[in-house]
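Asker: Structure file my_file_32.cif (mmCIF, C-alpha atoms) right here:
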data_work
loop_
_atom_site.group_PDB
_atom_site.id
_atom_site.type_symbol
_atom_site.label_atom_id
_atom_site.label_comp_id
_atom_site.auth_asym_id
_atom_site.auth_seq_id
_atom_site.Cartn_x
_atom_site.Cartn_y
_atom_site.Cartn_z
ATOM 1 C CA MET X 23 -43.913 86.323 -45.540
ATOM 2 C CA PRO X 24 -40.988 83.984 -46.269
ATOM 3 C CA LEU X 25 -40.991 81.855 -49.369
ATOM 4 C CA SER X 26 -42.350 78.445 -48.497
ATOM 5 C CA PRO X 27 -40.548 75.193 -49.404
ATOM 6 C CA SER X 28 -43.407 74.320 -51.752
ATOM 7 C CA GLN X 29 -43.109 77.666 -53.566
ATOM 8 C CA ILE X 30 -39.372 77.185 -53.979
ATOM 9 C CA GLU X 31 -39.836 73.615 -55.173
ATOM 10 C CA SER X 32 -42.415 74.720 -57.738
ATOM 11 C CA ALA X 33 -40.159 77.532 -58.911
ATOM 12 C CA ILE X 34 -37.113 75.293 -59.356
ATOM 13 C CA ARG X 35 -39.160 72.698 -61.199
ATOM 14 C CA HIS X 36 -40.577 75.362 -63.503
ATOM 15 C CA LEU X 37 -37.211 76.959 -64.268
ATOM 16 C CA LYS X 38 -35.558 73.631 -64.987
ATOM 17 C CA THR X 39 -38.380 72.679 -67.326
ATOM 18 C CA VAL X 40 -38.625 75.878 -69.360
ATOM 19 C CA ASP X 41 -34.948 76.844 -69.629
ATOM 20 C CA PRO X 42 -32.174 74.251 -70.176
ATOM 21 C CA ILE X 43 -29.485 76.866 -69.485
ATOM 22 C CA MET X 44 -31.032 77.820 -66.167
ATOM 23 C CA ASN X 45 -31.402 74.119 -65.434
ATOM 24 C CA ARG X 46 -27.642 73.627 -65.774
ATOM 25 C CA LEU X 47 -26.917 76.670 -63.604
ATOM 26 C CA ILE X 48 -29.235 75.440 -60.866
ATOM 27 C CA GLU X 49 -27.542 72.034 -60.895
ATOM 28 C CA ARG X 50 -24.132 73.708 -60.531
ATOM 29 C CA ALA X 51 -25.125 76.330 -57.989
ATOM 30 C CA GLY X 52 -27.054 74.146 -55.570
ATOM 31 C CA PRO X 53 -30.099 74.899 -53.400
ATOM 32 C CA PHE X 54 -31.866 78.223 -53.488
ATOM 33 C CA LYS X 55 -31.218 80.269 -50.322
ATOM 34 C CA LEU X 56 -32.622 83.692 -49.696
ATOM 35 C CA LYS X 57 -32.878 85.320 -46.282
ATOM 36 C CA LEU X 58 -35.587 87.961 -46.045
ATOM 37 C CA ASP X 59 -34.796 91.136 -44.139
ATOM 38 C CA ARG X 60 -37.625 91.926 -41.711
ATOM 39 C CA ASN X 61 -36.244 95.403 -40.994
ATOM 40 C CA ARG X 62 -37.747 97.238 -43.935
ATOM 41 C CA PHE X 63 -36.290 100.603 -43.022
ATOM 42 C CA GLY X 64 -32.857 99.079 -42.492
ATOM 43 C CA MET X 65 -33.052 97.344 -45.857
ATOM 44 C CA LEU X 66 -33.675 100.652 -47.622
ATOM 45 C CA VAL X 67 -30.865 102.346 -45.707
ATOM 46 C CA ARG X 68 -28.415 99.615 -46.706
ATOM 47 C CA SER X 69 -29.520 99.865 -50.315
ATOM 48 C CA ILE X 70 -28.837 103.598 -50.300
ATOM 49 C CA LEU X 71 -25.462 103.097 -48.618
ATOM 50 C CA SER X 72 -24.407 100.544 -51.237
ATOM 51 C CA GLN X 73 -25.117 102.725 -54.267
ATOM 52 C CA GLN X 74 -22.054 103.144 -56.508
ATOM 53 C CA ILE X 75 -19.565 101.752 -53.988
ATOM 54 C CA SER X 76 -18.241 98.285 -53.221
ATOM 55 C CA THR X 77 -20.021 95.932 -50.839
ATOM 56 C CA LYS X 78 -16.993 96.081 -48.512
ATOM 57 C CA ALA X 79 -17.074 99.882 -48.375
ATOM 58 C CA ALA X 80 -20.834 99.924 -47.800
ATOM 59 C CA ARG X 81 -20.553 97.480 -44.909
ATOM 60 C CA SER X 82 -17.805 99.577 -43.346
ATOM 61 C CA ILE X 83 -19.984 102.687 -43.512
ATOM 62 C CA ARG X 84 -22.930 100.764 -42.093
ATOM 63 C CA LEU X 85 -20.858 99.653 -39.079
ATOM 64 C CA ARG X 86 -19.737 103.227 -38.431
ATOM 65 C CA LEU X 87 -23.323 104.431 -38.779
ATOM 66 C CA ASP X 88 -24.488 101.846 -36.238
ATOM 67 C CA GLU X 89 -21.763 103.032 -33.876
ATOM 68 C CA LEU X 90 -22.790 106.666 -34.341
ATOM 69 C CA LEU X 91 -26.429 105.899 -33.507
ATOM 70 C CA LYS X 92 -25.686 104.018 -30.271
ATOM 71 C CA PRO X 93 -27.311 103.475 -27.838
ATOM 72 C CA ASN X 94 -30.180 103.699 -30.309
ATOM 73 C CA SER X 95 -30.648 101.205 -33.105
ATOM 74 C CA LEU X 96 -30.989 102.145 -36.767
ATOM 75 C CA SER X 97 -34.279 103.997 -37.165
ATOM 76 C CA ALA X 98 -35.755 107.037 -38.865
ATOM 77 C CA ALA X 99 -35.876 108.931 -35.573
ATOM 78 C CA ALA X 100 -32.267 108.116 -34.729
ATOM 79 C CA ILE X 101 -31.045 109.343 -38.115
ATOM 80 C CA MET X 102 -33.008 112.580 -37.899
ATOM 81 C CA GLU X 103 -31.414 113.323 -34.532
ATOM 82 C CA LYS X 104 -27.977 113.473 -36.155
ATOM 83 C CA THR X 105 -26.600 116.476 -37.994
ATOM 84 C CA ASP X 106 -25.512 116.264 -41.599
ATOM 85 C CA ASP X 107 -21.892 116.687 -40.503
ATOM 86 C CA GLU X 108 -22.162 113.800 -38.050
ATOM 87 C CA LEU X 109 -23.565 111.555 -40.766
ATOM 88 C CA ARG X 110 -20.919 112.645 -43.243
ATOM 89 C CA ALA X 111 -18.228 111.769 -40.704
ATOM 90 C CA VAL X 112 -19.076 108.053 -41.019
ATOM 91 C CA GLY X 113 -18.267 108.156 -44.732
ATOM 92 C CA LEU X 114 -21.542 109.239 -46.307
ATOM 93 C CA SER X 115 -21.521 111.678 -49.187
ATOM 94 C CA ARG X 116 -23.537 114.864 -48.889
ATOM 95 C CA GLN X 117 -25.949 113.398 -51.439
ATOM 96 C CA LYS X 118 -26.485 110.166 -49.493
ATOM 97 C CA VAL X 119 -27.053 112.115 -46.289
ATOM 98 C CA SER X 120 -29.882 113.949 -48.069
ATOM 99 C CA TYR X 121 -31.279 110.606 -49.231
ATOM 100 C CA LEU X 122 -31.296 109.152 -45.700
ATOM 101 C CA LYS X 123 -32.855 112.290 -44.272
ATOM 102 C CA ASP X 124 -35.610 112.284 -46.899
ATOM 103 C CA LEU X 125 -36.341 108.595 -46.289
ATOM 104 C CA SER X 126 -36.432 109.141 -42.527
ATOM 105 C CA ALA X 127 -38.670 112.197 -42.780
ATOM 106 C CA ARG X 128 -41.161 110.355 -44.971
ATOM 107 C CA VAL X 129 -41.305 107.426 -42.552
ATOM 108 C CA LEU X 130 -41.774 109.684 -39.532
ATOM 109 C CA ASP X 131 -44.549 111.800 -41.060
ATOM 110 C CA GLU X 132 -46.146 108.632 -42.547
ATOM 111 C CA ARG X 133 -45.965 109.654 -46.157
ATOM 112 C CA LEU X 134 -44.212 106.287 -46.463
ATOM 113 C CA ARG X 135 -45.836 103.584 -44.341
ATOM 114 C CA LEU X 136 -43.449 100.660 -44.470
ATOM 115 C CA GLU X 137 -45.549 98.574 -42.081
ATOM 116 C CA ARG X 138 -48.364 98.538 -44.668
ATOM 117 C CA ILE X 139 -46.442 98.557 -47.917
ATOM 118 C CA GLY X 140 -46.546 94.768 -48.187
ATOM 119 C CA ARG X 141 -50.257 94.971 -48.983
ATOM 120 C CA LEU X 142 -49.538 96.685 -52.298
ATOM 121 C CA SER X 143 -48.823 95.119 -55.684
ATOM 122 C CA ASP X 144 -45.245 95.043 -56.962
ATOM 123 C CA GLU X 145 -45.716 98.093 -59.172
ATOM 124 C CA GLU X 146 -47.530 99.998 -56.422
ATOM 125 C CA VAL X 147 -44.632 99.309 -54.047
ATOM 126 C CA ILE X 148 -42.186 100.605 -56.645
ATOM 127 C CA GLU X 149 -44.271 103.745 -57.196
ATOM 128 C CA GLU X 150 -44.341 104.402 -53.451
ATOM 129 C CA LEU X 151 -40.617 103.926 -52.958
ATOM 130 C CA ILE X 152 -39.356 105.939 -55.912
ATOM 131 C CA GLN X 153 -40.942 109.025 -54.365
ATOM 132 C CA VAL X 154 -38.058 108.911 -51.881
ATOM 133 C CA ARG X 155 -34.989 110.883 -52.953
ATOM 134 C CA GLY X 156 -32.241 108.476 -54.009
ATOM 135 C CA ILE X 157 -34.466 105.434 -54.431
ATOM 136 C CA GLY X 158 -34.929 104.308 -58.008
ATOM 137 C CA ARG X 159 -36.526 101.301 -59.591
ATOM 138 C CA TRP X 160 -33.567 98.986 -58.918
ATOM 139 C CA THR X 161 -33.542 99.770 -55.195
ATOM 140 C CA ALA X 162 -37.305 99.282 -55.054
ATOM 141 C CA GLN X 163 -36.929 95.916 -56.787
ATOM 142 C CA MET X 164 -34.293 94.849 -54.247
ATOM 143 C CA PHE X 165 -36.806 95.748 -51.540
ATOM 144 C CA LEU X 166 -39.467 93.635 -53.234
ATOM 145 C CA ILE X 167 -37.102 90.667 -53.352
ATOM 146 C CA PHE X 168 -35.203 90.888 -50.082
ATOM 147 C CA SER X 169 -37.795 92.406 -47.745
ATOM 148 C CA LEU X 170 -41.150 91.356 -49.165
ATOM 149 C CA GLY X 171 -40.126 88.041 -50.758
ATOM 150 C CA ARG X 172 -41.973 88.689 -54.020
ATOM 151 C CA LEU X 173 -41.536 85.808 -56.467
ATOM 152 C CA ASP X 174 -41.650 87.454 -59.875
ATOM 153 C CA VAL X 175 -39.212 90.371 -59.815
ATOM 154 C CA PHE X 176 -36.698 90.731 -62.651
ATOM 155 C CA PRO X 177 -34.149 93.540 -62.067
ATOM 156 C CA HIS X 178 -33.041 93.917 -65.689
ATOM 157 C CA ASP X 179 -30.895 96.963 -64.845
ATOM 158 C CA ASP X 180 -28.752 94.997 -62.391
ATOM 159 C CA LEU X 181 -25.230 94.758 -63.796
ATOM 160 C CA ILE X 182 -24.496 91.328 -62.324
ATOM 161 C CA VAL X 183 -27.752 89.925 -63.689
ATOM 162 C CA ARG X 184 -27.024 91.360 -67.132
ATOM 163 C CA SER X 185 -23.434 90.096 -67.050
ATOM 164 C CA SER X 186 -24.597 86.632 -66.065
ATOM 165 C CA ILE X 187 -27.170 86.585 -68.860
ATOM 166 C CA LYS X 188 -24.460 87.613 -71.319
ATOM 167 C CA GLU X 189 -22.244 84.738 -70.202
ATOM 168 C CA LEU X 190 -24.938 82.101 -69.788
ATOM 169 C CA TYR X 191 -26.613 82.766 -73.128
ATOM 170 C CA SER X 192 -23.366 83.417 -75.060
ATOM 171 C CA LEU X 193 -24.189 86.970 -76.076
ATOM 172 C CA ASP X 194 -21.610 89.237 -77.723
ATOM 173 C CA GLU X 195 -22.384 92.136 -75.390
ATOM 174 C CA LEU X 196 -24.445 93.013 -72.358
ATOM 175 C CA PRO X 197 -28.142 92.597 -73.145
ATOM 176 C CA ASN X 198 -30.346 95.665 -73.295
ATOM 177 C CA LYS X 199 -33.735 95.848 -71.624
ATOM 178 C CA GLN X 200 -35.585 94.225 -74.514
ATOM 179 C CA GLN X 201 -33.111 91.347 -74.843
ATOM 180 C CA SER X 202 -33.056 90.783 -71.092
ATOM 181 C CA HIS X 203 -36.819 90.578 -70.851
ATOM 182 C CA GLN X 204 -37.023 88.296 -73.870
ATOM 183 C CA ILE X 205 -34.592 85.834 -72.282
ATOM 184 C CA ALA X 206 -36.286 86.123 -68.893
ATOM 185 C CA MET X 207 -39.840 85.725 -70.181
ATOM 186 C CA PRO X 208 -39.930 81.935 -69.661
ATOM 187 C CA TRP X 209 -38.877 82.409 -66.038
ATOM 188 C CA LYS X 210 -42.209 83.985 -65.113
ATOM 189 C CA PRO X 211 -43.802 83.750 -62.573
ATOM 190 C CA TYR X 212 -40.536 82.950 -60.751
ATOM 191 C CA SER X 213 -38.191 85.631 -62.072
ATOM 192 C CA THR X 214 -36.899 86.339 -58.574
ATOM 193 C CA ILE X 215 -35.479 82.837 -58.198
ATOM 194 C CA ALA X 216 -33.869 82.919 -61.643
ATOM 195 C CA SER X 217 -32.373 86.353 -60.908
ATOM 196 C CA TRP X 218 -30.931 84.998 -57.655
ATOM 197 C CA TYR X 219 -29.208 82.238 -59.607
ATOM 198 C CA CYS X 220 -27.787 84.865 -61.947
ATOM 199 C CA TRP X 221 -26.240 86.572 -58.918
ATOM 200 C CA ARG X 222 -25.029 83.192 -57.724
ATOM 201 C CA LEU X 223 -23.096 82.562 -60.952
ATOM 202 C CA LEU X 224 -20.132 84.618 -59.719
ATOM 203 C CA ASP X 225 -19.713 82.370 -56.701
ATOM 204 C CA VAL X 226 -20.189 79.247 -58.775
ATOM 205 C CA LYS X 227 -17.109 80.311 -60.711
ATOM 206 C CA ASN X 228 -15.062 81.700 -57.808
ATOM 207 C CA ASP X 229 -16.113 80.175 -54.488
ATOM 208 C CA PRO X 230 -19.251 77.998 -54.374
ATOM 209 C CA THR X 231 -18.948 77.682 -50.567
ATOM 210 C CA LEU X 232 -19.785 81.351 -49.947
ATOM 211 C CA ASP X 233 -23.005 82.134 -48.091
ATOM 212 C CA ALA X 234 -25.579 83.031 -50.723
ATOM 213 C CA SER X 235 -28.519 83.853 -48.496
ATOM 214 C CA GLU X 236 -28.359 87.650 -48.691
ATOM 215 C CA TYR X 237 -27.648 88.460 -52.354
ATOM 216 C CA PRO X 238 -26.909 91.053 -53.548
ATOM 217 C CA VAL X 239 -27.213 93.748 -50.892
#
Can you dump the structure from the file as structure tokens?
Answerer:
Amino acid sequence: MPLSPSQIESAIRHLKTVDPIMNRLIERAGPFKLKLDRNRFGMLVRSILSQQISTKAARSIRLRLDELLKPNSLSAAAIMEKTDDELRAVGLSRQKVSYLKDLSARVLDERLRLERIGRLSDEEVIEELIQVRGIGRWTAQMFLIFSLGRLDVFPHDDLIVRSSIKELYSLDELPNKQQSHQIAMPWKPYSTIASWYCWRLLDVKNDPTLDASEYPV
């Protein structure tokens, strides 16, 4: 379910109170905006597509994939109907084709039941998703944030989040896992909102007018 205005208000109030640095970032960055993706399968596909390539390249591949699947929409069944060569022709690596096929197969044979996954705890969701080839903890955390709207997810492995923490907290180098969690501890139970503001820092510096509703995928 989407984050309610009262949840967001409570989160912002908490973050401003417990962390003066986050308080200043929130004041600079403006209102919290996060658009949840209701298409859970599509969210996972986009996450796989975006691995280790630029956002622009991933979007280009996604558009070509959509075109390939027409007149069908993006679905597990539609992907399984295509050959590996057809999928590679839209720009997917052989490895990513295997990832999409494994995800699709698991959805179709119900080893992965995305329609029910929202009933699980955060860690249970992660454990379910990392069984899929090509989905690691970071991708599962993005799913928790951008599909399920979970409030207390801290993706400490995310490079932008780590880079923002380094800059915001005047660190000499990128923080490791222990340092990241130590800095983020006061953010609980609203780590998701604080992480979103870490992603937002880039736009605050470069172009604050950019749409920030779909970070970072």
Asker: Can you list what the PyMOL selection byres ((chain X and resi 90) around 10) grabs from this structure, as a list in words?
Answerer: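 So the PyMOL selection byres ((chain X and resi 90) around 10) ends up selecting Arg84, Leu85, Arg86, Leu87, Asp88, Glu89, Leu91, Lys92, Pro93, Asn94, Ser95, Leu96, Ala100, Ile101, Lys104, Glu108, Leu109, Ala111 and Val112 of chain X.
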Asker: Leaving out Ser186 in chain X and any residue of its chain fewer than 3 positions from it, which residues lie within 7 Å of it when counting only C-alpha atoms, given as a ChimeraX atom specification?
Answerer: /X:182-183,189-190,220,223
Asker: Expressed in Å to a single decimal, how great is the separation between CA of Ser76 in chain X and CA of Phe168 in chain X?
Answerer: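 Going from CA of Ser76 in chain X over to CA of Phe168 in chain X, I get 18.8 Å.
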Asker: Considering all atoms listed in the file, can you say which of X:Gly158, X:Gly140, X:Gly113, X:Pro53 comes closest to Ile215 in chain X?
Answerer: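 So, comparing all the options, the nearest one is X:Pro53.
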Asker: Which polymer residues have any atom within 9 Å of an atom of Val175 in chain X, counting only C-alpha atoms, with same-chain residues fewer than 4 positions away left out, as a PyMOL selection string?
Answerer: chain X and resi 144+163-164+166-167+210-215+217
Asker: Taking the file above as input, evaluate the PyMOL selection byres ((chain X and resi 118-134) around 7) and report the hits as a list in words.
Answerer: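 Listing what the PyMOL selection byres ((chain X and resi 118-134) around 7) selects in the shown file: Val67, Ala98, Ala99, Ile101, Met102, Asp106, Leu109, Arg110, Leu114, Ser115, Arg116, Gln117, Arg135, Leu136, Val154, Arg155 and Gly156 of chain X.
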